[in-house]
file model-v3.cif (mmCIF, C-alpha atoms and all ligand atoms)
data_input
loop_
_atom_site.group_PDB
_atom_site.id
_atom_site.type_symbol
_atom_site.label_atom_id
_atom_site.label_comp_id
_atom_site.auth_asym_id
_atom_site.auth_seq_id
_atom_site.Cartn_x
_atom_site.Cartn_y
_atom_site.Cartn_z
ATOM 1 C CA MET A 1 -4.290 -3.585 70.101
ATOM 2 C CA ASN A 2 -2.204 -5.869 72.309
ATOM 3 C CA TRP A 3 1.519 -6.247 71.803
ATOM 4 C CA PHE A 4 2.331 -8.758 74.520
ATOM 5 C CA PRO A 5 5.306 -10.980 73.774
ATOM 6 C CA ASN A 6 4.458 -14.501 72.808
ATOM 7 C CA TYR A 7 5.777 -17.808 73.992
ATOM 8 C CA THR A 8 2.937 -19.613 72.321
ATOM 9 C CA CYS A 9 2.331 -20.323 68.658
ATOM 10 C CA MET A 10 0.416 -17.472 66.969
ATOM 11 C CA ALA A 11 -1.539 -19.988 64.893
ATOM 12 C CA CYS A 12 -2.449 -22.898 67.204
ATOM 13 C CA GLY A 13 -1.648 -21.571 70.669
ATOM 14 C CA ASP A 14 0.749 -24.390 71.579
ATOM 15 C CA GLU A 15 3.719 -23.504 73.707
ATOM 16 C CA ILE A 16 6.815 -22.957 71.601
ATOM 17 C CA GLN A 17 9.632 -25.220 72.749
ATOM 18 C CA THR A 18 12.242 -25.043 70.056
ATOM 19 C CA SER A 19 11.795 -23.130 66.870
ATOM 20 C CA THR A 20 13.839 -20.810 64.752
ATOM 21 C CA ASN A 21 10.695 -18.766 64.182
ATOM 22 C CA VAL A 22 9.530 -17.003 67.351
ATOM 23 C CA TYR A 23 5.928 -16.730 66.195
ATOM 24 C CA LEU A 24 5.014 -20.189 65.030
ATOM 25 C CA CYS A 25 5.531 -23.701 66.335
ATOM 26 C CA PRO A 26 7.444 -26.107 64.034
ATOM 27 C CA LYS A 27 4.234 -27.957 63.180
ATOM 28 C CA CYS A 28 2.433 -24.820 61.987
ATOM 29 C CA MET A 29 5.587 -23.596 60.249
ATOM 30 C CA SER A 30 5.688 -26.759 58.157
ATOM 31 C CA ASN A 31 1.956 -26.557 57.414
ATOM 32 C CA LEU A 32 1.780 -22.994 56.107
ATOM 33 C CA PRO A 33 -0.495 -22.858 53.046
ATOM 34 C CA ILE A 34 2.019 -21.195 50.733
ATOM 35 C CA MET A 35 0.562 -19.696 47.558
ATOM 36 C CA PHE A 36 2.463 -21.154 44.615
ATOM 37 C CA GLU A 37 0.177 -19.915 41.902
ATOM 38 C CA THR A 38 1.342 -16.765 40.137
ATOM 39 C CA GLN A 39 -1.345 -14.134 40.441
ATOM 40 C CA THR A 40 -1.820 -11.413 37.908
ATOM 41 C CA THR A 41 -4.526 -9.254 39.442
ATOM 42 C CA HIS A 42 -3.610 -9.569 43.107
ATOM 43 C CA TYR A 43 -0.850 -11.005 45.237
ATOM 44 C CA SER A 44 -0.748 -13.013 48.489
ATOM 45 C CA PRO A 45 1.888 -15.130 50.225
ATOM 46 C CA PHE A 46 -0.757 -17.601 51.425
ATOM 47 C CA VAL A 47 -3.916 -19.439 50.537
ATOM 48 C CA TYR A 48 -6.774 -18.779 53.001
ATOM 49 C CA LYS A 49 -6.418 -22.063 54.900
ATOM 50 C CA GLU A 50 -5.298 -23.122 58.380
ATOM 51 C CA PRO A 51 -3.189 -22.180 60.204
ATOM 52 C CA ILE A 52 -3.191 -18.813 58.394
ATOM 53 C CA ARG A 53 -6.985 -18.483 58.540
ATOM 54 C CA ASN A 54 -6.921 -18.694 62.318
ATOM 55 C CA MET A 55 -4.156 -16.077 62.525
ATOM 56 C CA ILE A 56 -6.102 -13.656 60.333
ATOM 57 C CA LEU A 57 -9.239 -14.055 62.467
ATOM 58 C CA SER A 58 -7.180 -13.503 65.602
ATOM 59 C CA LEU A 59 -5.638 -10.338 64.150
ATOM 60 C CA LYS A 60 -9.100 -9.101 63.233
ATOM 61 C CA TYR A 61 -11.057 -9.930 66.366
ATOM 62 C CA ASN A 62 -8.603 -10.554 69.240
ATOM 63 C CA SER A 63 -6.471 -7.450 68.680
ATOM 64 C CA ASN A 64 -3.305 -9.506 68.723
ATOM 65 C CA GLY A 65 -0.800 -7.165 67.108
ATOM 66 C CA TYR A 66 1.999 -9.706 67.195
ATOM 67 C CA ILE A 67 0.230 -11.581 64.431
ATOM 68 C CA ALA A 68 0.851 -8.608 62.158
ATOM 69 C CA LYS A 69 4.526 -8.789 63.071
ATOM 70 C CA ALA A 70 4.569 -12.516 62.313
ATOM 71 C CA LEU A 71 2.913 -12.101 58.912
ATOM 72 C CA ALA A 72 4.629 -8.915 57.715
ATOM 73 C CA PRO A 73 7.866 -10.543 56.446
ATOM 74 C CA TYR A 74 5.912 -12.964 54.234
ATOM 75 C CA ILE A 75 3.876 -10.117 52.755
ATOM 76 C CA ALA A 76 6.999 -8.002 52.274
ATOM 77 C CA ALA A 77 8.695 -10.899 50.486
ATOM 78 C CA VAL A 78 5.841 -11.167 47.972
ATOM 79 C CA TYR A 79 6.087 -7.452 47.323
ATOM 80 C CA LEU A 80 9.841 -7.642 46.714
ATOM 81 C CA LYS A 81 9.611 -10.648 44.454
ATOM 82 C CA GLN A 82 6.428 -10.054 42.476
ATOM 83 C CA ILE A 83 5.399 -6.412 42.680
ATOM 84 C CA LYS A 84 8.544 -4.322 43.030
ATOM 85 C CA PRO A 85 9.914 -5.412 39.617
ATOM 86 C CA LYS A 86 6.730 -3.996 38.051
ATOM 87 C CA CYS A 87 6.959 -0.627 39.840
ATOM 88 C CA ASP A 88 8.652 2.247 38.060
ATOM 89 C CA GLN A 89 8.625 4.156 41.353
ATOM 90 C CA PRO A 90 8.050 2.991 44.953
ATOM 91 C CA PRO A 91 4.334 2.703 45.773
ATOM 92 C CA LEU A 92 2.410 4.253 48.621
ATOM 93 C CA ILE A 93 0.704 1.705 50.863
ATOM 94 C CA ILE A 94 -2.999 2.268 51.446
ATOM 95 C CA PRO A 95 -4.704 -0.171 53.830
ATOM 96 C CA VAL A 96 -8.380 -0.862 53.114
ATOM 97 C CA PRO A 97 -10.152 1.463 55.552
ATOM 98 C CA LEU A 98 -12.900 0.537 57.980
ATOM 99 C CA HIS A 99 -15.917 2.727 58.451
ATOM 100 C CA ARG A 100 -15.337 5.288 61.232
ATOM 101 C CA SER A 101 -17.934 3.715 63.526
ATOM 102 C CA ARG A 102 -16.619 0.186 63.001
ATOM 103 C CA GLN A 103 -13.067 1.285 63.721
ATOM 104 C CA ARG A 104 -14.298 2.971 66.905
ATOM 105 C CA GLU A 105 -16.066 -0.273 67.919
ATOM 106 C CA ARG A 106 -13.022 -2.450 67.278
ATOM 107 C CA GLY A 107 -10.466 0.093 68.366
ATOM 108 C CA TYR A 108 -8.189 -0.447 65.364
ATOM 109 C CA ASN A 109 -8.130 -1.396 61.699
ATOM 110 C CA GLN A 110 -6.369 -4.730 61.201
ATOM 111 C CA SER A 111 -5.304 -3.816 57.653
ATOM 112 C CA GLU A 112 -3.745 -0.597 58.908
ATOM 113 C CA VAL A 113 -1.848 -2.408 61.686
ATOM 114 C CA LEU A 114 -0.571 -4.832 59.088
ATOM 115 C CA ALA A 115 0.296 -2.072 56.621
ATOM 116 C CA LYS A 116 2.464 -0.344 59.210
ATOM 117 C CA GLU A 117 4.373 -3.554 59.946
ATOM 118 C CA VAL A 118 4.879 -4.247 56.238
ATOM 119 C CA ALA A 119 5.921 -0.625 55.646
ATOM 120 C CA ASP A 120 8.594 -0.982 58.343
ATOM 121 C CA TYR A 121 10.158 -3.823 56.367
ATOM 122 C CA LEU A 122 9.975 -2.081 53.027
ATOM 123 C CA ASN A 123 10.517 1.513 54.081
ATOM 124 C CA LEU A 124 7.427 2.642 52.184
ATOM 125 C CA PRO A 125 4.972 5.331 53.303
ATOM 126 C CA VAL A 126 1.484 4.395 54.568
ATOM 127 C CA LEU A 127 -1.442 6.697 53.779
ATOM 128 C CA THR A 128 -4.454 6.273 56.041
ATOM 129 C CA ASN A 129 -6.432 9.475 55.507
ATOM 130 C CA VAL A 130 -6.797 9.648 51.737
ATOM 131 C CA LEU A 131 -9.129 6.712 51.084
ATOM 132 C CA ILE A 132 -12.189 6.867 53.322
ATOM 133 C CA ARG A 133 -14.902 4.283 53.912
ATOM 134 C CA ASN A 134 -18.011 6.236 53.319
ATOM 135 C CA LYS A 135 -20.611 3.567 53.845
ATOM 136 C CA LYS A 136 -21.000 1.067 56.638
ATOM 137 C CA THR A 137 -21.250 -2.017 54.456
ATOM 138 C CA ILE A 138 -22.893 -5.138 55.750
ATOM 139 C CA ILE A 139 -20.942 -8.376 56.120
ATOM 140 C CA GLN A 140 -20.462 -9.937 52.700
ATOM 141 C CA LYS A 141 -19.754 -13.510 53.663
ATOM 142 C CA HIS A 142 -22.903 -15.128 52.277
ATOM 143 C CA MET A 143 -23.602 -12.809 49.351
ATOM 144 C CA ASP A 144 -23.211 -13.685 45.691
ATOM 145 C CA THR A 145 -20.863 -11.589 43.570
ATOM 146 C CA ALA A 146 -23.543 -9.324 42.086
ATOM 147 C CA THR A 147 -24.933 -8.476 45.525
ATOM 148 C CA ARG A 148 -21.414 -7.904 46.863
ATOM 149 C CA MET A 149 -20.677 -5.461 44.081
ATOM 150 C CA LYS A 150 -23.901 -3.580 44.723
ATOM 151 C CA ASN A 151 -23.143 -3.550 48.453
ATOM 152 C CA MET A 152 -19.710 -2.045 47.795
ATOM 153 C CA GLN A 153 -20.749 0.593 45.270
ATOM 154 C CA GLY A 154 -19.937 4.014 46.647
ATOM 155 C CA ALA A 155 -18.440 2.477 49.784
ATOM 156 C CA PHE A 156 -15.181 4.414 49.378
ATOM 157 C CA ILE A 157 -14.398 8.045 48.664
ATOM 158 C CA ILE A 158 -11.243 10.126 48.442
ATOM 159 C CA ASP A 159 -10.720 12.983 50.867
ATOM 160 C CA GLN A 160 -10.473 15.738 48.264
ATOM 161 C CA SER A 161 -8.099 17.804 50.413
ATOM 162 C CA GLU A 162 -5.646 14.851 50.343
ATOM 163 C CA LYS A 163 -6.192 13.943 46.692
ATOM 164 C CA SER A 164 -2.914 15.488 45.457
ATOM 165 C CA ARG A 165 -0.948 12.931 47.491
ATOM 166 C CA ILE A 166 -2.007 10.058 45.240
ATOM 167 C CA PHE A 167 -1.815 11.873 41.922
ATOM 168 C CA ASN A 168 0.331 9.893 39.466
ATOM 169 C CA GLN A 169 1.532 7.645 42.318
ATOM 170 C CA ASN A 170 1.758 3.877 42.369
ATOM 171 C CA ILE A 171 -0.484 2.466 45.077
ATOM 172 C CA LEU A 172 -0.254 -0.779 46.997
ATOM 173 C CA ILE A 173 -3.660 -1.624 48.476
ATOM 174 C CA LEU A 174 -3.255 -3.821 51.533
ATOM 175 C CA ASP A 175 -5.995 -5.997 53.026
ATOM 176 C CA ASP A 176 -6.242 -9.161 55.082
ATOM 177 C CA VAL A 177 -8.106 -11.557 52.775
ATOM 178 C CA TYR A 178 -8.862 -11.538 49.044
ATOM 179 C CA THR A 179 -12.165 -13.344 48.527
ATOM 180 C CA THR A 180 -13.933 -12.180 45.371
ATOM 181 C CA GLY A 181 -11.940 -8.963 45.168
ATOM 182 C CA THR A 182 -15.060 -6.813 45.403
ATOM 183 C CA THR A 183 -13.694 -4.650 48.231
ATOM 184 C CA THR A 184 -10.165 -4.106 46.921
ATOM 185 C CA ASN A 185 -11.381 -3.623 43.347
ATOM 186 C CA GLU A 186 -13.775 -0.922 44.502
ATOM 187 C CA CYS A 187 -10.844 0.786 46.300
ATOM 188 C CA ALA A 188 -8.769 0.524 43.117
ATOM 189 C CA THR A 189 -11.545 2.033 40.996
ATOM 190 C CA VAL A 190 -11.891 5.032 43.307
ATOM 191 C CA LEU A 191 -8.110 5.556 43.525
ATOM 192 C CA ARG A 192 -7.729 5.331 39.751
ATOM 193 C CA ALA A 193 -10.604 7.761 39.185
ATOM 194 C CA ASN A 194 -8.771 10.214 41.420
ATOM 195 C CA GLY A 195 -5.493 10.164 39.548
ATOM 196 C CA ALA A 196 -3.504 7.227 40.933
ATOM 197 C CA ARG A 197 -1.167 5.544 38.435
ATOM 198 C CA ASN A 198 -0.618 1.791 38.845
ATOM 199 C CA ILE A 199 -2.506 -0.078 41.518
ATOM 200 C CA PHE A 200 -1.401 -3.352 43.088
ATOM 201 C CA ILE A 201 -3.449 -5.442 45.492
ATOM 202 C CA LEU A 202 -1.631 -7.347 48.226
ATOM 203 C CA THR A 203 -3.346 -9.435 50.903
ATOM 204 C CA ILE A 204 -2.158 -11.942 53.523
ATOM 205 C CA ALA A 205 -4.205 -14.690 51.917
ATOM 206 C CA SER A 206 -6.414 -15.419 48.937
ATOM 207 C CA VAL A 207 -9.446 -17.675 48.838
ATOM 208 C CA LEU A 208 -8.897 -20.102 45.969
HETATM 209 ZN ZN ZN A 301 1.326 -23.966 66.036
#

call {"tool": "encode", "arguments": {"input": "model-v3.cif", "output": "structure tokens", "more": "lines below"}}
Ligand SMILES: [Zn+2]
result
Amino acid sequence: MNWFPNYTCMACGDEIQTSTNVYLCPKCMSNLPIMFETQTTHYSPFVYKEPIRNMILSLKYNSNGYIAKALAPYIAAVYLKQIKPKCDQPPLIIPVPLHRSRQRERGYNQSEVLAKEVADYLNLPVLTNVLIRNKKTIIQKHMDTATRMKNMQGAFIIDQSEKSRIFNQNILILDDVYTTGTTTNECATVLRANGARNIFILTIASVL
């Protein structure tokens, strides 16, 4: 994970001349694909479109940690506005885990990096060792929903020695993109089956 300071736009790479936002150039700032629709099953500040799409890919594959810093306030704002009013007690943040071998390959989990930045804003705890990715799932991009669901079945387990930490707790599942919801829904099912109370799904962007 790189944390080099940026003088270029996190979305398009242009040099930042004058901007009140240190992460994005004025052009990208004014083109952010803000999510206006009210979601009921999951929440995101953005629609999965440029320039956000490019930032998410860069966070995932170019280990640019500053992108997490740039996106965290938007995610935190959605939590405060849409999720917090529905929480009877502060939730625990659980980032969607990567399989051990994939995390070793990449060196980090982008959802975990993001979760830590968001948690800093909200002063919420992040749990990274309760929900475990048990199965190295194959890339889901071109699968239909039924195949995705089959692919995800049994993909996550709870570390039974950590199980008590989620009992009767509200959980905020954090991931980068919500596509069909197969991944986050599978996480929610496993968490619920292991005693979690209310589960909320929050991602940077949703595919509409
Ligand atoms: Zn830009």

call {"tool": "atom_distance", "arguments": {"input": "model-v3.cif", "atom1": "atom CA of A:Phe167", "atom2": "atom CA of A:Arg197"}}
result
7.3 Å

call {"tool": "atom_distance", "arguments": {"input": "model-v3.cif", "atom1": "atom CA of A:Leu24", "atom2": "atom CA of A:Arg53"}}
result
13.7 Å

call {"tool": "closest_residue", "arguments": {"input": "model-v3.cif", "among": "A:Ile173, A:Val47, A:Ile56, A:Leu124", "to": "A:Val190", "atoms": "all atoms listed in the file"}}
result
A:Ile173

call {"tool": "residues_near_ligand", "arguments": {"input": "model-v3.cif", "ligand": "ligand ZN 301 (chain A)", "cutoff": "7 Å", "atoms": "all atoms listed in the file", "output": "number ranges by chain"}}
result
A: 9-14, 24-28

call {"tool": "resolve_selection", "arguments": {"input": "model-v3.cif", "expression": "the PyMOL selection byres (((chain A and resi 88) around 12) and not hetatm)", "output": "MDAnalysis selection string"}}
result
chainID A and resid 83:87 89:91 168:171 197:199

call {"tool": "resolve_selection", "arguments": {"input": "model-v3.cif", "expression": "the PyMOL selection byres (((chain A and resi 97) around 10) and not hetatm)", "output": "list in words"}}
result
Ile94, Pro95, Val96, Leu98, His99, Arg100, Arg102, Gln103, Asn109, Gln110, Ser111, Glu112, Thr128, Asn129, Val130, Leu131, Ile132, Arg133, Asn134, Phe156, Leu174, Asp175 and Cys187 of chain A

call {"tool": "resolve_selection", "arguments": {"input": "model-v3.cif", "expression": "the PyMOL selection byres (((chain A and resi 41) around 12) and not hetatm)", "output": "list in words"}}
result
Glu37, Thr38, Gln39, Thr40, His42, Tyr43, Ser44, Gln82, Ile83, Ile173, Tyr178, Thr180, Gly181, Thr184, Asn185, Ala188, Asn198, Ile199, Phe200, Ile201, Leu202, Thr203 and Ser206 of chain A

call {"tool": "atom_distance", "arguments": {"input": "model-v3.cif", "atom1": "atom CA of A:Ala205", "atom2": "atom CA of A:Phe46"}}
result
4.5 Å

call {"tool": "closest_residue", "arguments": {"input": "model-v3.cif", "among": "A:Pro51, A:Pro33, A:Pro45, A:Gly107", "to": "A:Tyr79", "atoms": "only C-alpha atoms"}}
result
A:Pro45

call {"tool": "closest_residue", "arguments": {"input": "model-v3.cif", "among": "A:Asp120, A:Glu162, A:Asp176, A:Glu105", "to": "A:Pro73", "atoms": "all atoms listed in the file"}}
result
A:Asp120

call {"tool": "residues_near_point", "arguments": {"input": "model-v3.cif", "point": "(-21.7, -4.1, 43.9)", "cutoff": "12 Å", "atoms": "only C-alpha atoms", "output": "list in words"}}
result
Thr137, Ile138, Gln140, Met143, Asp144, Thr145, Ala146, Thr147, Arg148, Met149, Lys150, Asn151, Met152, Gln153, Gly154, Ala155, Thr180, Gly181, Thr182, Thr183, Thr184, Asn185 and Glu186 of chain A

call {"tool": "closest_residue", "arguments": {"input": "model-v3.cif", "among": "A:Lys116, A:Lys163, A:Lys60, A:Arg104", "to": "A:Ala76", "atoms": "all atoms listed in the file"}}
result
A:Lys116

call {"tool": "decode", "arguments": {"input": "model-v3.cif", "residues": "stretch 69-138 of chain A", "atoms": "C-alpha atoms", "output": "PDB file, in the first residue's frame"}}
result
ATOM      1  CA  LYS A  69      -8.569   8.715   2.203  1.00  0.00           C
ATOM      2  CA  ALA A  70     -10.286  10.617  -0.608  1.00  0.00           C
ATOM      3  CA  LEU A  71     -13.374   8.392  -0.571  1.00  0.00           C
ATOM      4  CA  ALA A  72     -13.767   7.855   3.183  1.00  0.00           C
ATOM      5  CA  PRO A  73     -15.575  11.151   3.967  1.00  0.00           C
ATOM      6  CA  TYR A  74     -18.251  10.435   1.341  1.00  0.00           C
ATOM      7  CA  ILE A  75     -18.826   6.949   2.739  1.00  0.00           C
ATOM      8  CA  ALA A  76     -18.881   8.280   6.301  1.00  0.00           C
ATOM      9  CA  ALA A  77     -21.450  10.897   5.292  1.00  0.00           C
ATOM     10  CA  VAL A  78     -23.806   8.225   3.932  1.00  0.00           C
ATOM     11  CA  TYR A  79     -23.461   6.300   7.166  1.00  0.00           C
ATOM     12  CA  LEU A  80     -24.278   9.368   9.269  1.00  0.00           C
ATOM     13  CA  LYS A  81     -27.239  10.374   7.166  1.00  0.00           C
ATOM     14  CA  GLN A  82     -28.834   7.068   6.206  1.00  0.00           C
ATOM     15  CA  ILE A  83     -27.626   4.298   8.492  1.00  0.00           C
ATOM     16  CA  LYS A  84     -26.888   5.817  11.887  1.00  0.00           C
ATOM     17  CA  PRO A  85     -30.529   6.885  12.448  1.00  0.00           C
ATOM     18  CA  LYS A  86     -31.510   3.212  12.066  1.00  0.00           C
ATOM     19  CA  CYS A  87     -28.908   1.921  14.547  1.00  0.00           C
ATOM     20  CA  ASP A  88     -29.945   1.423  18.149  1.00  0.00           C
ATOM     21  CA  GLN A  89     -26.268   0.993  19.032  1.00  0.00           C
ATOM     22  CA  PRO A  90     -23.080   1.830  17.086  1.00  0.00           C
ATOM     23  CA  PRO A  91     -22.188  -0.909  14.583  1.00  0.00           C
ATOM     24  CA  LEU A  92     -18.942  -2.786  14.183  1.00  0.00           C
ATOM     25  CA  ILE A  93     -17.374  -2.388  10.746  1.00  0.00           C
ATOM     26  CA  ILE A  94     -16.486  -5.621   8.975  1.00  0.00           C
ATOM     27  CA  PRO A  95     -14.752  -5.254   5.600  1.00  0.00           C
ATOM     28  CA  VAL A  96     -15.448  -8.033   3.090  1.00  0.00           C
ATOM     29  CA  PRO A  97     -12.400 -10.281   3.475  1.00  0.00           C
ATOM     30  CA  LEU A  98     -10.174 -11.577   0.705  1.00  0.00           C
ATOM     31  CA  HIS A  99      -8.996 -15.145   0.648  1.00  0.00           C
ATOM     32  CA  ARG A 100      -5.669 -15.526   2.495  1.00  0.00           C
ATOM     33  CA  SER A 101      -3.751 -16.376  -0.679  1.00  0.00           C
ATOM     34  CA  ARG A 102      -5.252 -13.492  -2.652  1.00  0.00           C
ATOM     35  CA  GLN A 103      -4.438 -11.034   0.113  1.00  0.00           C
ATOM     36  CA  ARG A 104      -0.866 -12.352   0.152  1.00  0.00           C
ATOM     37  CA  GLU A 105      -0.662 -11.861  -3.643  1.00  0.00           C
ATOM     38  CA  ARG A 106      -2.000  -8.310  -3.527  1.00  0.00           C
ATOM     39  CA  GLY A 107      -0.403  -7.380  -0.246  1.00  0.00           C
ATOM     40  CA  TYR A 108      -3.547  -5.787   1.193  1.00  0.00           C
ATOM     41  CA  ASN A 109      -7.331  -5.918   1.167  1.00  0.00           C
ATOM     42  CA  GLN A 110      -8.775  -2.769  -0.400  1.00  0.00           C
ATOM     43  CA  SER A 111     -12.004  -3.058   1.615  1.00  0.00           C
ATOM     44  CA  GLU A 112     -10.019  -3.278   4.836  1.00  0.00           C
ATOM     45  CA  VAL A 113      -7.912  -0.220   3.939  1.00  0.00           C
ATOM     46  CA  LEU A 114     -11.116   1.645   3.224  1.00  0.00           C
ATOM     47  CA  ALA A 115     -12.805   0.402   6.394  1.00  0.00           C
ATOM     48  CA  LYS A 116      -9.959   1.738   8.517  1.00  0.00           C
ATOM     49  CA  GLU A 117     -10.190   5.174   6.897  1.00  0.00           C
ATOM     50  CA  VAL A 118     -13.968   5.263   7.340  1.00  0.00           C
ATOM     51  CA  ALA A 119     -13.632   4.052  10.941  1.00  0.00           C
ATOM     52  CA  ASP A 120     -11.257   6.948  11.663  1.00  0.00           C
ATOM     53  CA  TYR A 121     -13.986   9.390  10.660  1.00  0.00           C
ATOM     54  CA  LEU A 122     -16.734   7.670  12.586  1.00  0.00           C
ATOM     55  CA  ASN A 123     -14.796   6.375  15.567  1.00  0.00           C
ATOM     56  CA  LEU A 124     -16.177   2.872  15.072  1.00  0.00           C
ATOM     57  CA  PRO A 125     -14.270  -0.381  15.610  1.00  0.00           C
ATOM     58  CA  VAL A 126     -13.131  -2.500  12.634  1.00  0.00           C
ATOM     59  CA  LEU A 127     -13.143  -6.292  12.958  1.00  0.00           C
ATOM     60  CA  THR A 128     -10.931  -8.107  10.472  1.00  0.00           C
ATOM     61  CA  ASN A 129     -10.505 -11.558  12.007  1.00  0.00           C
ATOM     62  CA  VAL A 130     -14.074 -12.664  12.657  1.00  0.00           C
ATOM     63  CA  LEU A 131     -15.366 -13.116   9.106  1.00  0.00           C
ATOM     64  CA  ILE A 132     -13.023 -15.288   7.060  1.00  0.00           C
ATOM     65  CA  ARG A 133     -13.007 -16.009   3.337  1.00  0.00           C
ATOM     66  CA  ASN A 134     -12.913 -19.726   3.241  1.00  0.00           C
ATOM     67  CA  LYS A 135     -12.987 -20.320  -0.475  1.00  0.00           C
ATOM     68  CA  LYS A 136     -10.937 -18.763  -3.228  1.00  0.00           C
ATOM     69  CA  THR A 137     -13.843 -17.717  -5.420  1.00  0.00           C
ATOM     70  CA  ILE A 138     -13.341 -17.136  -9.098  1.00  0.00           C
TER      71      ILE A 138
END
